[in-house]
$ cat model_34.json   # JSON, C-alpha atoms
[["chain", "number", "residue", "atom", "x", "y", "z"],
["A", 1, "MET", "CA", 14.46, 230.74, 60.88],
["A", 2, "SER", "CA", 11.64, 232.13, 58.76],
["A", 3, "GLU", "CA", 10.05, 235.48, 59.56],
["A", 4, "ARG", "CA", 6.85, 233.61, 60.44],
["A", 5, "ALA", "CA", 8.66, 231.29, 62.88],
["A", 6, "ARG", "CA", 10.45, 234.24, 64.49],
["A", 7, "LEU", "CA", 7.15, 236.03, 65.02],
["A", 8, "LEU", "CA", 5.47, 232.94, 66.44],
["A", 9, "ILE", "CA", 8.33, 232.16, 68.81],
["A", 10, "GLU", "CA", 8.51, 235.72, 70.14],
["A", 11, "LEU", "CA", 4.78, 235.80, 70.72],
["A", 12, "ALA", "CA", 4.70, 232.32, 72.26],
["A", 13, "ASP", "CA", 7.68, 233.07, 74.54],
["A", 14, "ASP", "CA", 5.97, 236.27, 75.73],
["A", 15, "GLU", "CA", 2.77, 234.40, 76.54],
["A", 16, "LEU", "CA", 4.51, 231.45, 78.20],
["A", 17, "ILE", "CA", 6.75, 233.53, 80.42],
["A", 18, "LEU", "CA", 4.01, 236.00, 81.36],
["A", 19, "GLY", "CA", 1.79, 233.01, 82.17],
["A", 20, "TRP", "CA", 4.49, 231.68, 84.48],
["A", 21, "ARG", "CA", 5.07, 235.03, 86.15],
["A", 22, "ASP", "CA", 1.35, 235.66, 86.64],
["A", 23, "SER", "CA", 0.88, 232.18, 88.04],
["A", 24, "GLU", "CA", 3.33, 233.08, 90.80],
["A", 25, "TRP", "CA", 0.34, 234.89, 92.34],
["A", 26, "THR", "CA", -1.66, 231.70, 92.66],
["A", 27, "GLY", "CA", -2.53, 231.26, 96.31],
["A", 28, "ILE", "CA", -1.24, 234.67, 97.40],
["A", 29, "ALA", "CA", -3.24, 237.20, 95.31],
["A", 30, "PRO", "CA", -4.82, 240.12, 97.24],
["A", 31, "PHE", "CA", -8.09, 238.24, 97.80],
["A", 32, "LEU", "CA", -9.63, 234.90, 96.96],
["A", 33, "GLU", "CA", -11.77, 235.92, 93.98],
["A", 34, "GLU", "CA", -8.82, 237.67, 92.36],
["A", 35, "ASP", "CA", -6.63, 234.68, 93.04],
["A", 36, "VAL", "CA", -8.91, 232.51, 90.91],
["A", 37, "ALA", "CA", -9.35, 235.13, 88.18],
["A", 38, "PHE", "CA", -5.67, 235.98, 87.85],
["A", 39, "SER", "CA", -4.59, 232.34, 87.89],
["A", 40, "SER", "CA", -7.08, 231.66, 85.16],
["A", 41, "ILE", "CA", -5.64, 234.47, 83.03],
["A", 42, "ALA", "CA", -2.19, 232.99, 83.57],
["A", 43, "GLN", "CA", -3.48, 229.63, 82.42],
["A", 44, "ASN", "CA", -5.04, 231.19, 79.31],
["A", 45, "GLU", "CA", -1.71, 232.79, 78.39],
["A", 46, "ILE", "CA", 0.05, 229.44, 78.64],
["A", 47, "GLY", "CA", -2.69, 227.93, 76.47],
["A", 48, "HIS", "CA", -2.05, 230.62, 73.85],
["A", 49, "ALA", "CA", 1.67, 229.87, 74.03],
["A", 50, "ARG", "CA", 0.95, 226.20, 73.38],
["A", 51, "ALA", "CA", -1.11, 226.93, 70.27],
["A", 52, "LEU", "CA", 1.54, 229.31, 68.94],
["A", 53, "TYR", "CA", 4.41, 226.88, 69.64],
["A", 54, "GLU", "CA", 2.48, 224.17, 67.79],
["A", 55, "LEU", "CA", 2.31, 226.32, 64.67],
["A", 56, "ALA", "CA", 5.99, 227.23, 64.95],
["A", 57, "ALA", "CA", 6.96, 223.62, 65.69],
["A", 58, "ARG", "CA", 5.47, 222.45, 62.41],
["A", 59, "ASP", "CA", 7.55, 224.99, 60.49],
["A", 60, "LEU", "CA", 10.68, 224.05, 62.44],
["A", 61, "GLY", "CA", 10.22, 220.28, 62.44],
["A", 62, "THR", "CA", 9.93, 219.89, 66.22],
["A", 63, "ASP", "CA", 7.13, 219.88, 68.82],
["A", 64, "ALA", "CA", 5.59, 222.42, 71.18],
["A", 65, "ASP", "CA", 7.09, 220.93, 74.37],
["A", 66, "ALA", "CA", 10.57, 220.98, 72.89],
["A", 67, "LEU", "CA", 10.19, 224.65, 71.98],
["A", 68, "ALA", "CA", 8.75, 225.53, 75.38],
["A", 69, "PHE", "CA", 11.18, 223.59, 77.55],
["A", 70, "ASP", "CA", 14.20, 222.23, 75.69],
["A", 71, "ARG", "CA", 15.88, 225.42, 74.54],
["A", 72, "ALA", "CA", 18.79, 226.98, 76.41],
["A", 73, "PRO", "CA", 17.86, 230.15, 78.37],
["A", 74, "ALA", "CA", 19.77, 232.33, 75.89],
["A", 75, "GLU", "CA", 17.55, 231.11, 73.03],
["A", 76, "TYR", "CA", 14.32, 232.46, 74.48],
["A", 77, "ARG", "CA", 13.01, 235.54, 72.71],
["A", 78, "CYS", "CA", 10.58, 236.87, 75.31],
["A", 79, "ALA", "CA", 10.49, 240.62, 75.90],
["A", 80, "PRO", "CA", 12.08, 242.02, 79.09],
["A", 81, "LEU", "CA", 8.64, 243.19, 80.35],
["A", 82, "VAL", "CA", 7.31, 239.65, 80.84],
["A", 83, "GLN", "CA", 10.48, 238.35, 82.49],
["A", 84, "LEU", "CA", 10.28, 240.52, 85.60],
["A", 85, "ARG", "CA", 9.45, 238.74, 88.82],
["A", 86, "LEU", "CA", 6.96, 241.12, 90.43],
["A", 87, "VAL", "CA", 5.57, 239.12, 93.36],
["A", 88, "PRO", "CA", 4.67, 240.48, 95.94],
["A", 89, "ASP", "CA", 4.19, 243.90, 94.28],
["A", 90, "TRP", "CA", 0.57, 244.05, 93.12],
["A", 91, "ALA", "CA", 0.88, 247.66, 91.88],
["A", 92, "ARG", "CA", 3.63, 246.76, 89.43],
["A", 93, "THR", "CA", 1.80, 243.58, 88.50],
["A", 94, "ILE", "CA", -1.28, 245.57, 87.52],
["A", 95, "ALA", "CA", 0.87, 248.11, 85.65],
["A", 96, "ARG", "CA", 2.48, 245.31, 83.65],
["A", 97, "HIS", "CA", -0.89, 243.62, 83.08],
["A", 98, "VAL", "CA", -2.39, 246.83, 81.64],
["A", 99, "LEU", "CA", 0.66, 247.61, 79.49],
["A", 100, "TYR", "CA", 1.03, 244.06, 78.19],
["A", 101, "GLU", "CA", -2.65, 243.57, 77.37],
["A", 102, "THR", "CA", -2.78, 246.89, 75.52],
["A", 103, "ALA", "CA", 0.33, 246.08, 73.49],
["A", 104, "ASP", "CA", -0.84, 242.52, 72.88],
["A", 105, "ALA", "CA", -4.20, 243.80, 71.59],
["A", 106, "ILE", "CA", -2.38, 245.82, 68.93],
["A", 107, "ARG", "CA", -0.17, 242.89, 67.99],
["A", 108, "ILE", "CA", -3.08, 240.42, 67.78],
["A", 109, "ALA", "CA", -5.23, 242.83, 65.76],
["A", 110, "HIS", "CA", -2.31, 243.20, 63.34],
["A", 111, "LEU", "CA", -1.96, 239.41, 63.05],
["A", 112, "LYS", "CA", -5.68, 239.03, 62.37],
["A", 113, "GLU", "CA", -5.14, 241.09, 59.22],
["A", 114, "SER", "CA", -2.31, 238.82, 58.09],
["A", 115, "ASP", "CA", -2.44, 237.15, 54.66],
["A", 116, "ASP", "CA", -1.39, 233.98, 56.43],
["A", 117, "ALA", "CA", -4.82, 232.39, 57.02],
["A", 118, "GLU", "CA", -3.59, 230.02, 59.71],
["A", 119, "LEU", "CA", -1.95, 232.80, 61.69],
["A", 120, "ALA", "CA", -4.96, 235.10, 61.23],
["A", 121, "GLY", "CA", -7.29, 232.32, 62.40],
["A", 122, "LEU", "CA", -5.28, 231.60, 65.55],
["A", 123, "ALA", "CA", -5.05, 235.34, 66.28],
["A", 124, "GLY", "CA", -8.86, 235.49, 66.11],
["A", 125, "LYS", "CA", -9.19, 232.63, 68.60],
["A", 126, "ILE", "CA", -6.67, 234.19, 70.98],
["A", 127, "GLU", "CA", -8.38, 237.56, 70.72],
["A", 128, "ARG", "CA", -11.68, 236.14, 71.94],
["A", 129, "GLU", "CA", -10.05, 235.31, 75.29],
["A", 130, "GLU", "CA", -7.89, 238.41, 75.39],
["A", 131, "VAL", "CA", -11.01, 240.59, 75.39],
["A", 132, "TYR", "CA", -11.64, 239.43, 78.96],
["A", 133, "HIS", "CA", -8.03, 239.90, 79.98],
["A", 134, "ARG", "CA", -8.32, 243.52, 78.84],
["A", 135, "LEU", "CA", -11.58, 244.04, 80.75],
["A", 136, "HIS", "CA", -9.85, 242.62, 83.80],
["A", 137, "ALA", "CA", -6.83, 244.90, 83.34],
["A", 138, "GLU", "CA", -9.05, 247.94, 82.79],
["A", 139, "MET", "CA", -11.17, 247.37, 85.87],
["A", 140, "TRP", "CA", -8.03, 247.20, 88.00],
["A", 141, "LEU", "CA", -6.64, 250.32, 86.35],
["A", 142, "ASP", "CA", -9.92, 252.17, 87.04],
["A", 143, "ARG", "CA", -9.58, 251.15, 90.67],
["A", 144, "LEU", "CA", -5.86, 251.68, 91.24],
["A", 145, "GLY", "CA", -4.74, 253.90, 88.35],
["A", 146, "ALA", "CA", -4.72, 257.05, 90.47],
["A", 147, "GLU", "CA", -2.50, 255.49, 93.14],
["A", 148, "GLU", "CA", 1.03, 256.84, 93.22],
["A", 149, "ARG", "CA", 2.57, 253.35, 93.22],
["A", 150, "VAL", "CA", 0.70, 252.26, 90.12],
["A", 151, "ARG", "CA", 1.46, 255.51, 88.27],
["A", 152, "GLU", "CA", 5.15, 255.14, 89.06],
["A", 153, "ALA", "CA", 5.11, 251.51, 87.96],
["A", 154, "VAL", "CA", 3.49, 252.39, 84.62],
["A", 155, "ASP", "CA", 6.15, 255.09, 84.07],
["A", 156, "GLU", "CA", 8.89, 252.63, 84.97],
["A", 157, "LEU", "CA", 7.63, 249.83, 82.72],
["A", 158, "TRP", "CA", 6.63, 251.96, 79.74],
["A", 159, "PRO", "CA", 9.92, 251.55, 77.76],
["A", 160, "LEU", "CA", 9.68, 247.79, 78.34],
["A", 161, "ALA", "CA", 6.08, 247.73, 77.09],
["A", 162, "LEU", "CA", 7.18, 249.31, 73.79],
["A", 163, "GLY", "CA", 9.65, 246.43, 73.46],
["A", 164, "ILE", "CA", 6.75, 243.96, 73.17],
["A", 165, "LEU", "CA", 5.93, 245.28, 69.71],
["A", 166, "ASP", "CA", 7.80, 245.39, 66.41],
["A", 167, "ALA", "CA", 8.94, 248.97, 65.76],
["A", 168, "GLU", "CA", 6.20, 249.76, 63.23],
["A", 169, "LEU", "CA", 3.44, 249.03, 65.77],
["A", 170, "ARG", "CA", 4.88, 251.14, 68.60],
["A", 171, "PRO", "CA", 3.31, 254.47, 67.60],
["A", 172, "ALA", "CA", -0.12, 252.84, 67.92],
["A", 173, "LEU", "CA", 0.65, 251.80, 71.51],
["A", 174, "ALA", "CA", 1.93, 255.26, 72.40],
["A", 175, "GLU", "CA", -1.23, 256.78, 70.95],
["A", 176, "ARG", "CA", -3.58, 254.37, 72.68],
["A", 177, "LEU", "CA", -2.03, 255.05, 76.08],
["A", 178, "GLY", "CA", -1.44, 258.77, 75.46],
["A", 179, "ARG", "CA", 2.27, 258.47, 76.17],
["A", 180, "PRO", "CA", 5.34, 259.74, 74.31],
["A", 181, "GLU", "CA", 7.19, 257.11, 72.29],
["A", 182, "VAL", "CA", 10.48, 256.79, 74.14],
["A", 183, "GLU", "CA", 13.36, 254.47, 73.40],
["A", 184, "ALA", "CA", 12.16, 250.88, 73.79],
["A", 185, "VAL", "CA", 13.88, 248.18, 75.81],
["A", 186, "GLU", "CA", 14.44, 245.64, 73.05],
["A", 187, "ARG", "CA", 14.37, 241.86, 73.16],
["A", 188, "ALA", "CA", 17.80, 240.53, 73.99],
["A", 189, "ALA", "CA", 19.34, 237.38, 75.43],
["A", 190, "PRO", "CA", 17.56, 237.01, 78.79],
["A", 191, "GLY", "CA", 19.40, 237.78, 82.02],
["A", 192, "ALA", "CA", 19.92, 236.17, 85.44],
["A", 193, "GLU", "CA", 16.35, 236.63, 86.67],
["A", 194, "PHE", "CA", 15.14, 234.70, 83.65],
["A", 195, "ALA", "CA", 17.70, 231.92, 84.15],
["A", 196, "GLU", "CA", 16.23, 231.28, 87.59],
["A", 197, "LEU", "CA", 12.72, 231.04, 86.15],
["A", 198, "TRP", "CA", 13.93, 228.80, 83.32],
["A", 199, "ASN", "CA", 15.52, 226.50, 85.86],
["A", 200, "GLU", "CA", 12.27, 226.15, 87.76],
["A", 201, "MET", "CA", 10.15, 225.91, 84.62],
["A", 202, "THR", "CA", 12.14, 223.15, 82.94],
["A", 203, "MET", "CA", 13.17, 221.21, 86.05],
["A", 204, "VAL", "CA", 10.57, 218.46, 85.75],
["A", 205, "ARG", "CA", 11.06, 218.14, 82.01],
["A", 206, "ARG", "CA", 14.85, 217.82, 82.42],
["A", 207, "SER", "CA", 14.55, 215.23, 85.18],
["A", 208, "ALA", "CA", 12.15, 213.01, 83.21],
["A", 209, "PRO", "CA", 13.62, 209.81, 81.82],
["A", 210, "VAL", "CA", 14.28, 209.80, 78.08],
["A", 211, "GLY", "CA", 11.17, 208.86, 76.14],
["A", 212, "ALA", "CA", 8.75, 209.62, 79.00],
["A", 213, "GLN", "CA", 5.29, 210.48, 77.73],
["A", 214, "TRP", "CA", 3.10, 212.84, 79.72],
["B", 1, "MET", "CA", -19.72, 243.74, 98.88],
["B", 2, "ILE", "CA", -21.36, 240.36, 98.35],
["B", 3, "TRP", "CA", -23.00, 239.37, 95.05],
["B", 4, "GLU", "CA", -25.42, 236.51, 94.52],
["B", 5, "VAL", "CA", -25.33, 234.60, 91.26],
["B", 6, "PHE", "CA", -28.22, 232.89, 89.53],
["B", 7, "ARG", "CA", -27.30, 230.79, 86.55],
["B", 8, "GLN", "CA", -29.17, 229.39, 83.59],
["B", 9, "GLU", "CA", -27.81, 226.14, 82.23],
["B", 10, "ARG", "CA", -29.81, 226.03, 79.03],
["B", 11, "LYS", "CA", -31.88, 228.58, 77.14],
["B", 12, "GLY", "CA", -35.46, 228.61, 78.39],
["B", 13, "GLN", "CA", -34.68, 227.06, 81.76],
["B", 14, "SER", "CA", -35.23, 228.82, 85.07],
["B", 15, "PHE", "CA", -32.32, 230.61, 86.69],
["B", 16, "VAL", "CA", -31.11, 228.71, 89.73],
["B", 17, "HIS", "CA", -29.05, 230.12, 92.60],
["B", 18, "GLY", "CA", -25.43, 229.17, 92.03],
["B", 19, "GLY", "CA", -23.51, 230.80, 94.87],
["B", 20, "SER", "CA", -21.99, 234.10, 95.90],
["B", 21, "PHE", "CA", -18.71, 236.00, 95.91],
["B", 22, "HIS", "CA", -17.08, 239.25, 97.02],
["B", 23, "ALA", "CA", -16.42, 242.04, 94.51],
["B", 24, "PRO", "CA", -15.98, 245.78, 95.13],
["B", 25, "ASP", "CA", -18.10, 246.99, 92.19],
["B", 26, "GLU", "CA", -20.04, 246.01, 89.07],
["B", 27, "ALA", "CA", -16.98, 245.68, 86.80],
["B", 28, "PHE", "CA", -15.31, 243.27, 89.21],
["B", 29, "ALA", "CA", -18.58, 241.39, 89.73],
["B", 30, "ASP", "CA", -18.91, 240.98, 85.96],
["B", 31, "ALA", "CA", -15.38, 239.60, 85.65],
["B", 32, "TYR", "CA", -15.62, 237.25, 88.61],
["B", 33, "ALA", "CA", -19.09, 235.97, 87.72],
["B", 34, "ARG", "CA", -17.85, 235.02, 84.25],
["B", 35, "GLU", "CA", -14.81, 233.43, 85.78],
["B", 36, "PHE", "CA", -16.59, 231.33, 88.40],
["B", 37, "TYR", "CA", -19.84, 230.43, 86.67],
["B", 38, "ALA", "CA", -19.32, 230.53, 82.92],
["B", 39, "ARG", "CA", -15.67, 229.96, 82.08],
["B", 40, "ARG", "CA", -16.29, 226.40, 80.95],
["B", 41, "GLN", "CA", -19.56, 227.14, 79.18],
["B", 42, "GLU", "CA", -21.49, 225.73, 82.13],
["B", 43, "SER", "CA", -24.02, 228.57, 81.98],
["B", 44, "VAL", "CA", -25.72, 230.31, 79.06],
["B", 45, "ALA", "CA", -26.73, 233.34, 81.14],
["B", 46, "LEU", "CA", -26.18, 234.76, 84.61],
["B", 47, "TRP", "CA", -28.08, 237.09, 86.92],
["B", 48, "VAL", "CA", -25.65, 238.83, 89.24],
["B", 49, "VAL", "CA", -27.29, 240.74, 92.08],
["B", 50, "PRO", "CA", -25.91, 242.65, 95.06],
["B", 51, "ARG", "CA", -27.07, 240.67, 98.10],
["B", 52, "GLU", "CA", -28.41, 243.80, 99.78],
["B", 53, "GLU", "CA", -30.72, 244.43, 96.82],
["B", 54, "ILE", "CA", -32.54, 241.17, 97.41],
["B", 55, "MET", "CA", -35.67, 241.42, 99.51],
["B", 56, "GLU", "CA", -35.85, 238.41, 101.74],
["B", 57, "ILE", "CA", -39.13, 237.37, 103.33],
["B", 58, "ASP", "CA", -39.01, 234.54, 105.80],
["B", 59, "GLU", "CA", -41.76, 235.04, 108.38],
["B", 60, "PHE", "CA", -45.25, 233.81, 107.58],
["B", 61, "PRO", "CA", -48.01, 233.73, 110.17],
["B", 62, "ASP", "CA", -50.05, 230.56, 110.07],
["B", 63, "GLU", "CA", -52.32, 230.95, 113.08],
["B", 64, "PHE", "CA", -55.22, 229.00, 111.63],
["B", 65, "ASP", "CA", -53.33, 226.21, 109.83],
["B", 66, "LEU", "CA", -54.28, 227.14, 106.28],
["B", 67, "LYS", "CA", -52.24, 224.42, 104.64],
["B", 68, "TYR", "CA", -55.42, 223.05, 103.03],
["B", 69, "ARG", "CA", -55.48, 226.12, 100.79],
["B", 70, "ARG", "CA", -52.17, 225.25, 99.21],
["B", 71, "VAL", "CA", -52.10, 225.00, 95.41],
["B", 72, "ASP", "CA", -49.60, 222.17, 95.33],
["B", 73, "GLY", "CA", -50.66, 221.22, 91.84],
["B", 74, "TYR", "CA", -48.40, 223.85, 90.34],
["B", 75, "SER", "CA", -45.24, 222.00, 91.26],
["B", 76, "ILE", "CA", -46.66, 218.58, 90.35],
["B", 77, "LYS", "CA", -43.88, 217.71, 87.93],
["B", 78, "ALA", "CA", -41.12, 218.11, 90.47],
["B", 79, "ARG", "CA", -43.23, 216.36, 93.13],
["B", 80, "LEU", "CA", -43.96, 213.44, 90.84],
["B", 81, "LYS", "CA", -40.27, 213.05, 90.10],
["B", 82, "GLU", "CA", -39.51, 213.14, 93.80],
["B", 83, "ALA", "CA", -42.18, 210.54, 94.54],
["B", 84, "ARG", "CA", -40.92, 208.25, 91.78],
["B", 85, "GLU", "CA", -37.41, 208.49, 93.12],
["B", 86, "ARG", "CA", -38.66, 207.73, 96.62],
["B", 87, "VAL", "CA", -40.54, 204.67, 95.44],
["B", 88, "GLY", "CA", -37.61, 203.61, 93.30],
["B", 89, "SER", "CA", -35.21, 203.80, 96.20],
["B", 90, "THR", "CA", -37.57, 201.86, 98.52],
["B", 91, "GLU", "CA", -37.90, 199.14, 95.93],
["B", 92, "ARG", "CA", -34.19, 199.02, 95.44],
["B", 93, "ALA", "CA", -33.66, 198.86, 99.19],
["B", 94, "ARG", "CA", -36.20, 196.02, 99.47],
["B", 95, "ALA", "CA", -34.51, 194.10, 96.66],
["B", 96, "GLU", "CA", -31.13, 194.52, 98.31],
["B", 97, "MET", "CA", -32.33, 193.48, 101.76],
["B", 98, "PRO", "CA", -30.93, 190.11, 102.91],
["B", 99, "ALA", "CA", -33.58, 187.38, 103.17],
["B", 100, "LEU", "CA", -34.82, 186.79, 106.74],
["B", 101, "PRO", "CA", -34.11, 183.40, 108.31],
["B", 102, "ALA", "CA", -37.18, 181.10, 108.17],
["B", 103, "SER", "CA", -37.76, 181.36, 111.94],
["B", 104, "GLU", "CA", -38.26, 185.12, 111.71],
["B", 105, "ARG", "CA", -40.56, 185.15, 108.68],
["B", 106, "GLY", "CA", -44.07, 186.17, 109.58]]
$ encode --input "model_34.json" --output "structure tokens"
Amino acid sequence: MSERARLLIELADDELILGWRDSEWTGIAPFLEEDVAFSSIAQNEIGHARALYELAARDLGTDADALAFDRAPAEYRCAPLVQLRLVPDWARTIARHVLYETADAIRIAHLKESDDAELAGLAGKIEREEVYHRLHAEMWLDRLGAEERVREAVDELWPLALGILDAELRPALAERLGRPEVEAVERAAPGAEFAELWNEMTMVRRSAPVGAQW
Amino acid sequence: MIWEVFRQERKGQSFVHGGSFHAPDEAFADAYAREFYARRQESVALWVVPREEIMEIDEFPDEFDLKYRRVDGYSIKARLKEARERVGSTERARAEMPALPASERG
């Protein structure tokens, strides 16, 4: 797999799985307005995943659906941070949201500077939506950041947040959040919690008759 | 805290009341207003106002029936449109009415 395809798949897997995890709040978020807003963010992330898979699929001679749903669980490259099932813990959800959006901002900004015009263009499009995800994350952090539960959750998830980024981008994340760069929890073959999500996520796809068009 | 939203569909048009929502402060109100009233480009601008900041006036004495002083001409465009629609719907209704049997025709 080319370096470009690896990058695209990692990014797309992060966005897809985070989108799924965030969408687990649909219907049960702390209040109605937030339910709509957070579900919409989840939907945006899945939209970003789709666009990224499409680019990768062209390089790999497949299609976006096949990349999203037809791989074995062990082939997914998503970072441990996005795999965690956090419902019904809103404090940890907000901590992850803040950490992920901050890391993602650094990653997307880096991609925008890429010599690869297609990649840079897509990064620009994604960034225009991510701006609002960051505002959303920041307003929640302003509101809850002083709470013990949120502070503990940020501490707990910090090594996982570093794992979102390639090693050379990690110092920027540490600096932006004013935290020491500790040892990151790296991407690895996903564990049991992910297998359960994968099962749910691909169930309809796997049960569809061969050749079904959606 | 309840916020009222007024939305403008196209540049130059009047802002029209769109609805309301709960948000604890301005940052949340900003995020939710965008989410509910502009996510699909259905508005070009929004006014988002705390409900308690709106002065509502709804009692008007009319002891001497001063309706004749009304300057209805200002809203003539909307009134004309309304009248046309009214006439249009009466004509349509008349056209769709079943013919009366000969014995009942006047």
$ closest_residue --input "model_34.json" --among "B:Arg69, B:Arg94, B:Arg86, B:Arg34" --to "chain A" --atoms "only C-alpha atoms"
B:Arg34
$ closest_residue --input "model_34.json" --among "B:Arg10, B:Glu63, B:Val49, B:Val5" --to "Glu35 in chain B" --atoms "only C-alpha atoms"
B:Val5
$ interface_residues --input "model_34.json" --of "chain A" --to "chain B" --cutoff "8 Å" --atoms "only C-alpha atoms" --output "list in words"
Glu33, Glu34, Val36, Ala37, Ser40, Tyr132, Leu135, His136 and Met139 of chain A
$ closest_residue --input "model_34.json" --among "B:Lys81, B:Gln13, B:Arg7, B:Ser20" --to "Arg51 in chain B" --atoms "only C-alpha atoms"
B:Ser20
$ residues_near_point --input "model_34.json" --point "(-3.7, 233.2, 75.8)" --cutoff "8 Å" --atoms "all atoms listed in the file" --output "JSON, numbers by chain"
{"A": [15, 41, 42, 43, 44, 45, 46, 47, 48, 49, 126, 129, 130]}
$ atom_distance --input "model_34.json" --atom1 "CA of Thr26 in chain A" --atom2 "CA of Pro88 in chain A"
11.3 Å
$ atom_distance --input "model_34.json" --atom1 "CA of Phe31 in chain A" --atom2 "CA of Ala105 in chain A"
27.1 Å
$ atom_distance --input "model_34.json" --atom1 "CA of Pro171 in chain A" --atom2 "CA of Arg21 in chain A"
26.9 Å
$ residues_near_point --input "model_34.json" --point "(-28.2, 239.1, 92.2)" --cutoff "10 Å" --atoms "all atoms listed in the file" --output "ChimeraX atom specification"
/B:2-6,17,19-20,46-54
$ residues_around --input "model_34.json" --residues "His97 in chain A" --least-positions-apart "5" --cutoff "12 Å" --atoms "all atoms listed in the file" --output "PyMOL selection string"
chain A and resi 15+18-19+21-22+38+41-42+45+81-82+84+86+90-92+102-105+130+133-141+150+153-154+157-158+161
$ write_last_selection --input "model_34.json" --atoms "C-alpha atoms" --output "PDB file, in the frame of the given file"
ATOM      1  CA  GLU A  15       2.770 234.400  76.540  1.00  0.00           C
ATOM      2  CA  LEU A  18       4.010 236.000  81.360  1.00  0.00           C
ATOM      3  CA  GLY A  19       1.790 233.010  82.170  1.00  0.00           C
ATOM      4  CA  ARG A  21       5.070 235.030  86.150  1.00  0.00           C
ATOM      5  CA  ASP A  22       1.350 235.660  86.640  1.00  0.00           C
ATOM      6  CA  PHE A  38      -5.670 235.980  87.850  1.00  0.00           C
ATOM      7  CA  ILE A  41      -5.640 234.470  83.030  1.00  0.00           C
ATOM      8  CA  ALA A  42      -2.190 232.990  83.570  1.00  0.00           C
ATOM      9  CA  GLU A  45      -1.710 232.790  78.390  1.00  0.00           C
ATOM     10  CA  LEU A  81       8.640 243.190  80.350  1.00  0.00           C
ATOM     11  CA  VAL A  82       7.310 239.650  80.840  1.00  0.00           C
ATOM     12  CA  LEU A  84      10.280 240.520  85.600  1.00  0.00           C
ATOM     13  CA  LEU A  86       6.960 241.120  90.430  1.00  0.00           C
ATOM     14  CA  TRP A  90       0.570 244.050  93.120  1.00  0.00           C
ATOM     15  CA  ALA A  91       0.880 247.660  91.880  1.00  0.00           C
ATOM     16  CA  ARG A  92       3.630 246.760  89.430  1.00  0.00           C
ATOM     17  CA  THR A 102      -2.780 246.890  75.520  1.00  0.00           C
ATOM     18  CA  ALA A 103       0.330 246.080  73.490  1.00  0.00           C
ATOM     19  CA  ASP A 104      -0.840 242.520  72.880  1.00  0.00           C
ATOM     20  CA  ALA A 105      -4.200 243.800  71.590  1.00  0.00           C
ATOM     21  CA  GLU A 130      -7.890 238.410  75.390  1.00  0.00           C
ATOM     22  CA  HIS A 133      -8.030 239.900  79.980  1.00  0.00           C
ATOM     23  CA  ARG A 134      -8.320 243.520  78.840  1.00  0.00           C
ATOM     24  CA  LEU A 135     -11.580 244.040  80.750  1.00  0.00           C
ATOM     25  CA  HIS A 136      -9.850 242.620  83.800  1.00  0.00           C
ATOM     26  CA  ALA A 137      -6.830 244.900  83.340  1.00  0.00           C
ATOM     27  CA  GLU A 138      -9.050 247.940  82.790  1.00  0.00           C
ATOM     28  CA  MET A 139     -11.170 247.370  85.870  1.00  0.00           C
ATOM     29  CA  TRP A 140      -8.030 247.200  88.000  1.00  0.00           C
ATOM     30  CA  LEU A 141      -6.640 250.320  86.350  1.00  0.00           C
ATOM     31  CA  VAL A 150       0.700 252.260  90.120  1.00  0.00           C
ATOM     32  CA  ALA A 153       5.110 251.510  87.960  1.00  0.00           C
ATOM     33  CA  VAL A 154       3.490 252.390  84.620  1.00  0.00           C
ATOM     34  CA  LEU A 157       7.630 249.830  82.720  1.00  0.00           C
ATOM     35  CA  TRP A 158       6.630 251.960  79.740  1.00  0.00           C
ATOM     36  CA  ALA A 161       6.080 247.730  77.090  1.00  0.00           C
TER      37      ALA A 161
END
$ residues_around --input "model_34.json" --residues "Glu9 in chain B" --least-positions-apart "2" --cutoff "12 Å" --atoms "all atoms listed in the file" --output "PyMOL selection string"
chain B and resi 6-7+11-18+37-38+40-47
$ write_last_selection --input "model_34.json" --atoms "C-alpha atoms" --output "PDB file, in the coordinates of the input"
ATOM      1  CA  PHE B   6     -28.220 232.890  89.530  1.00  0.00           C
ATOM      2  CA  ARG B   7     -27.300 230.790  86.550  1.00  0.00           C
ATOM      3  CA  LYS B  11     -31.880 228.580  77.140  1.00  0.00           C
ATOM      4  CA  GLY B  12     -35.460 228.610  78.390  1.00  0.00           C
ATOM      5  CA  GLN B  13     -34.680 227.060  81.760  1.00  0.00           C
ATOM      6  CA  SER B  14     -35.230 228.820  85.070  1.00  0.00           C
ATOM      7  CA  PHE B  15     -32.320 230.610  86.690  1.00  0.00           C
ATOM      8  CA  VAL B  16     -31.110 228.710  89.730  1.00  0.00           C
ATOM      9  CA  HIS B  17     -29.050 230.120  92.600  1.00  0.00           C
ATOM     10  CA  GLY B  18     -25.430 229.170  92.030  1.00  0.00           C
ATOM     11  CA  TYR B  37     -19.840 230.430  86.670  1.00  0.00           C
ATOM     12  CA  ALA B  38     -19.320 230.530  82.920  1.00  0.00           C
ATOM     13  CA  ARG B  40     -16.290 226.400  80.950  1.00  0.00           C
ATOM     14  CA  GLN B  41     -19.560 227.140  79.180  1.00  0.00           C
ATOM     15  CA  GLU B  42     -21.490 225.730  82.130  1.00  0.00           C
ATOM     16  CA  SER B  43     -24.020 228.570  81.980  1.00  0.00           C
ATOM     17  CA  VAL B  44     -25.720 230.310  79.060  1.00  0.00           C
ATOM     18  CA  ALA B  45     -26.730 233.340  81.140  1.00  0.00           C
ATOM     19  CA  LEU B  46     -26.180 234.760  84.610  1.00  0.00           C
ATOM     20  CA  TRP B  47     -28.080 237.090  86.920  1.00  0.00           C
TER      21      TRP B  47
END
$ residues_around --input "model_34.json" --residues "Ala172 in chain A" --least-positions-apart "4" --cutoff "9 Å" --atoms "all atoms listed in the file" --output "list in words"
Ala103, Ile106, Glu168, Arg176 and Leu177 of chain A
